[in-house]
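Peer 1: Let me give you the structure first, and then I'll get to my questions.
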Amino acid sequence: MDKDDRKPTTRRFSRWFGGKYKRNDLYNLNEPSGKSVKLEDKYKDEDDSVDDLHYKLSEEDPCTSTNVLRVFVGTWNVAGRSPIGSLAVDLDEWLNLKEAADIYVLGFQEIVPLITKNVIGSEDTTEATNWNLLISQTLNDRHGNPWLTPMLNPATSENYQYEFLERVFVTSAEPSHVIGQPHNQDRDQYASSMYKLIASKKMVGVFVSVWMKSALVNKYCISSVKVSSVACGIMGYLGNKGSVSVSMTIEGTNICFIAAHLASGEKKGDEGKRNYQVSEIFRRTAFSRVPRDGDRNHPLTILGHDRIFWFGDLNYRLYLKDELARKLIEEKNWTALQEFDQLKKELEEGGVFEGWKEGNIEFAPTYKYSTSNCNRYSGGLPSRAGEKQRTPACRCDRILWYGKGVKQLSYIRSESKFSDHRPVSALFSTHIEVLKFSDPSKFPP
């Protein structure tokens with residue numbers, strides 16, 4: 001993992017003063033300007049709350065203010081099942097719309113069965129479209145602003161295309177769903193939507209979908225939204241395992257979201273396969289420069305971003321025998337389980353995720369349930385006919401983050417029985433850096 005790609009914040013800010021930004025790339029920047037500084041040097045320590053940082057930075061730096069955003073990150077392995085209309089109730093519970101976030105980032109695994117024709121055949125975006133339809137219905141119908149067709153008529157082809165939103169763009173050499181609305185939808189209805197799709201990308205069964213409050217899309221300058229996929233499954237290059245990532249810049253802050261599905265297996269040494277795939281994702285994920293970037297120094301790699309969120313079915317298991325694991329689960333002794341967690345080791349010095357953070361896991365294992373619509377873990381004794389003996393893998397579905405200025409507010413599982421996994425979510429508050437100008441006539445041309 002090459003960390004040399006991380007650019008000083010000062011370099012990122014300098015482009016605003018070099019006359020390279022077009023006027024329509026700036027929004028609502030109307031405060032006195034001053035000398036550009038490296039904001040991260042001003043952090044007191046890692047334990048400062050986002051609200052404290054917001055106050056400190058806005059008070060100390062005359063050219064920059066910080067705004068706090070609530071970011072919801074969720075991951076769910078849906079076991080190859082297609083979304084159905086009745087799933088909206090489960091989705092509503094997972095997204096926790098009673099405490100609505102500013103940004104929703106949803107990562108899915110196995111949105112199609114991982115069979116040969118899906119893994120080596122041409123990419124079919126039908127299921128990704130259907131999930132986006134259901135997500136939009138859940139986010140927007142609740143607020144009385146539906147803008148997509150109800151799931152009674154799911155899409156059955158690849159004719160679901162998007163338009164670019166003004167001032168926001170996605171660049172990628174890969175086919176992806178990007179910012180905007182279906183061509184055949186009414187613009188006024190779309191304009192009234194509570195949430196708008198920023199980007200989505202599918203690679204075989206791995207799928208990421210990013211949504212943002214419409215008011216914030218209009219308020220902030222959102223630029224250089226890019227997607228990248230890394231296939232590292234069979235033979236190291238097929239898409240049954242791997243990642244899809246989204247890079248985006250909100251005002252002066254670069255954010256990256258990585259949805260991943262890593263190698264399964266609980267035999268000794270299987271964690272090495274997962275670690276190798278993580279290293280490959282770091283190495284091969286690239287957000288290439290395009291002519292439209294101009295002189296803007298947007299990050300090219302994962303670690304070049306200011307805030308990074310990595311989530312998915314990471315498949316890390318427990319260094320623990322089945323009988324003891326089930327006993328600790330029955331006792332709800334989550335702290336003891338965490339001591340045997342494979343990923344915990346990788347978060348420590350020398351691990352593949354060294355320097356990354358994860359909140360305390362204080363919920364029951366999310367995998368593997370015996371069947372859909374069942375609360376029984378698979379593989380217990382006595383096991384049912386056809387079931388493999390396995391330890392409940394409490395540590396499969398995970399959400400990690402990297403970078404300063406991020407505070408986790410919650411880390412929970414939901415109770416949908418749609419799949420043999422239970423969905424997991426984390427709510428974060430994070431600040432974005434907003435540049436301020438006093439005289440509109442001094443805006444860069």
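Residues are referred to by chain and number: the chain letter is A, B, ... according to the order shown in the structure tokens, the number counts from 1 in that chain, and ligands are numbered separately from 1 in the order shown.
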Can you tell me which residues surround A:Leu95 at a distance of at most 10 Å, considering only C-alpha atoms, apart from same-chain residues fewer than 4 positions away, and format the answer as a PyMOL selection string?
Peer 2: chain A and resi 72-74+90-91+99-101+104-106+135+138-139+414+423-427
Peer 1: List the neighbours of stretch 247-262 of chain A out to 8 Å using only C-alpha atoms; skip same-chain residues closer than 4 positions along the sequence, and give me the result as an MDAnalysis selection string.
Peer 2: chainID A and resid 12:13 75 105 107:109 206:208 220:227 241:243 274 277:278 287 298:299 302 305:315 432:435
Peer 1: So, counting only C-alpha atoms, which residue among A:Ile103, A:Gly351, A:Ile361, A:Gly304 is closest to A:Tyr402?
Peer 2: A:Gly304
Peer 1: Distance atom CA of A:Lys98-atom CA of A:Ser193, one decimal place?
Peer 2: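 Calculated distance between atom CA of A:Lys98 and atom CA of A:Ser193 is 17.3 Å.
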Peer 1: I'd like the interatomic distance between atom CA of A:Arg422 and atom CA of A:Ala79, to a tenth of an Å.
Peer 2: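 Straight-line distance from atom CA of A:Arg422 to atom CA of A:Ala79 works out to 10.6 Å.
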Peer 1: Let's see if you can do this: from backbone DSSP, list all helix (DSSP H, G or I) residues in stretch 295-337 of chain A, as an NGL selection string.
Peer 2: :A and (302-304 or 322-330 or 334-337)
Peer 1: I'd like to know which residues of stretch 205-367 of chain A are strand (DSSP E) (by DSSP, run on the backbone); could you write them as a PyMOL selection string?
Peer 2: chain A and resi 206-213+222-231+242-250+253-261+307-313
Peer 1: Show which residues sit within 12 Å of A:Lys273, as a list of chain:residue names. Count only C-alpha atoms, and ignore same-chain residues fewer than 6 positions away.
Peer 2: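 Once the nearby chain positions are removed, what remains is A:Cys232, A:Gly233, A:Ile234, A:Met235, A:Gly236, A:Lys241, A:Gly242, A:Leu262, A:Ala263, A:Ser264, A:Gly265, A:Glu266, A:Lys267, A:Ser279, A:Glu280, A:Leu314, A:Asn315, A:Tyr316, A:Val352.
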Peer 1: Between A:Ile84, A:Tyr276, A:Arg70, A:Asn297, single out the one closest to A:Met212, counting only C-alpha atoms.
Peer 2: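 Among the listed residues, A:Arg70 lies closest to A:Met212.
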Peer 1: Using only C-alpha atoms, which of the listed residues (A:Gln338, A:Thr129, A:Ser86, A:Gln137) sits closest to A:Ala325?
Peer 2: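 Once distances to A:Ala325 are computed over only C-alpha atoms, the minimum belongs to A:Gln338.
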Peer 1: Calculate how many Å separate atom CA of A:Lys368 from atom CA of A:Asp420, rounding to one decimal.
Peer 2: 5.6 Å
Peer 1: Which one of A:Asp293, A:Glu110, A:Glu271, A:Asp102 sits closest to A:Glu346 if you count only C-alpha atoms?
Peer 2: A:Glu271
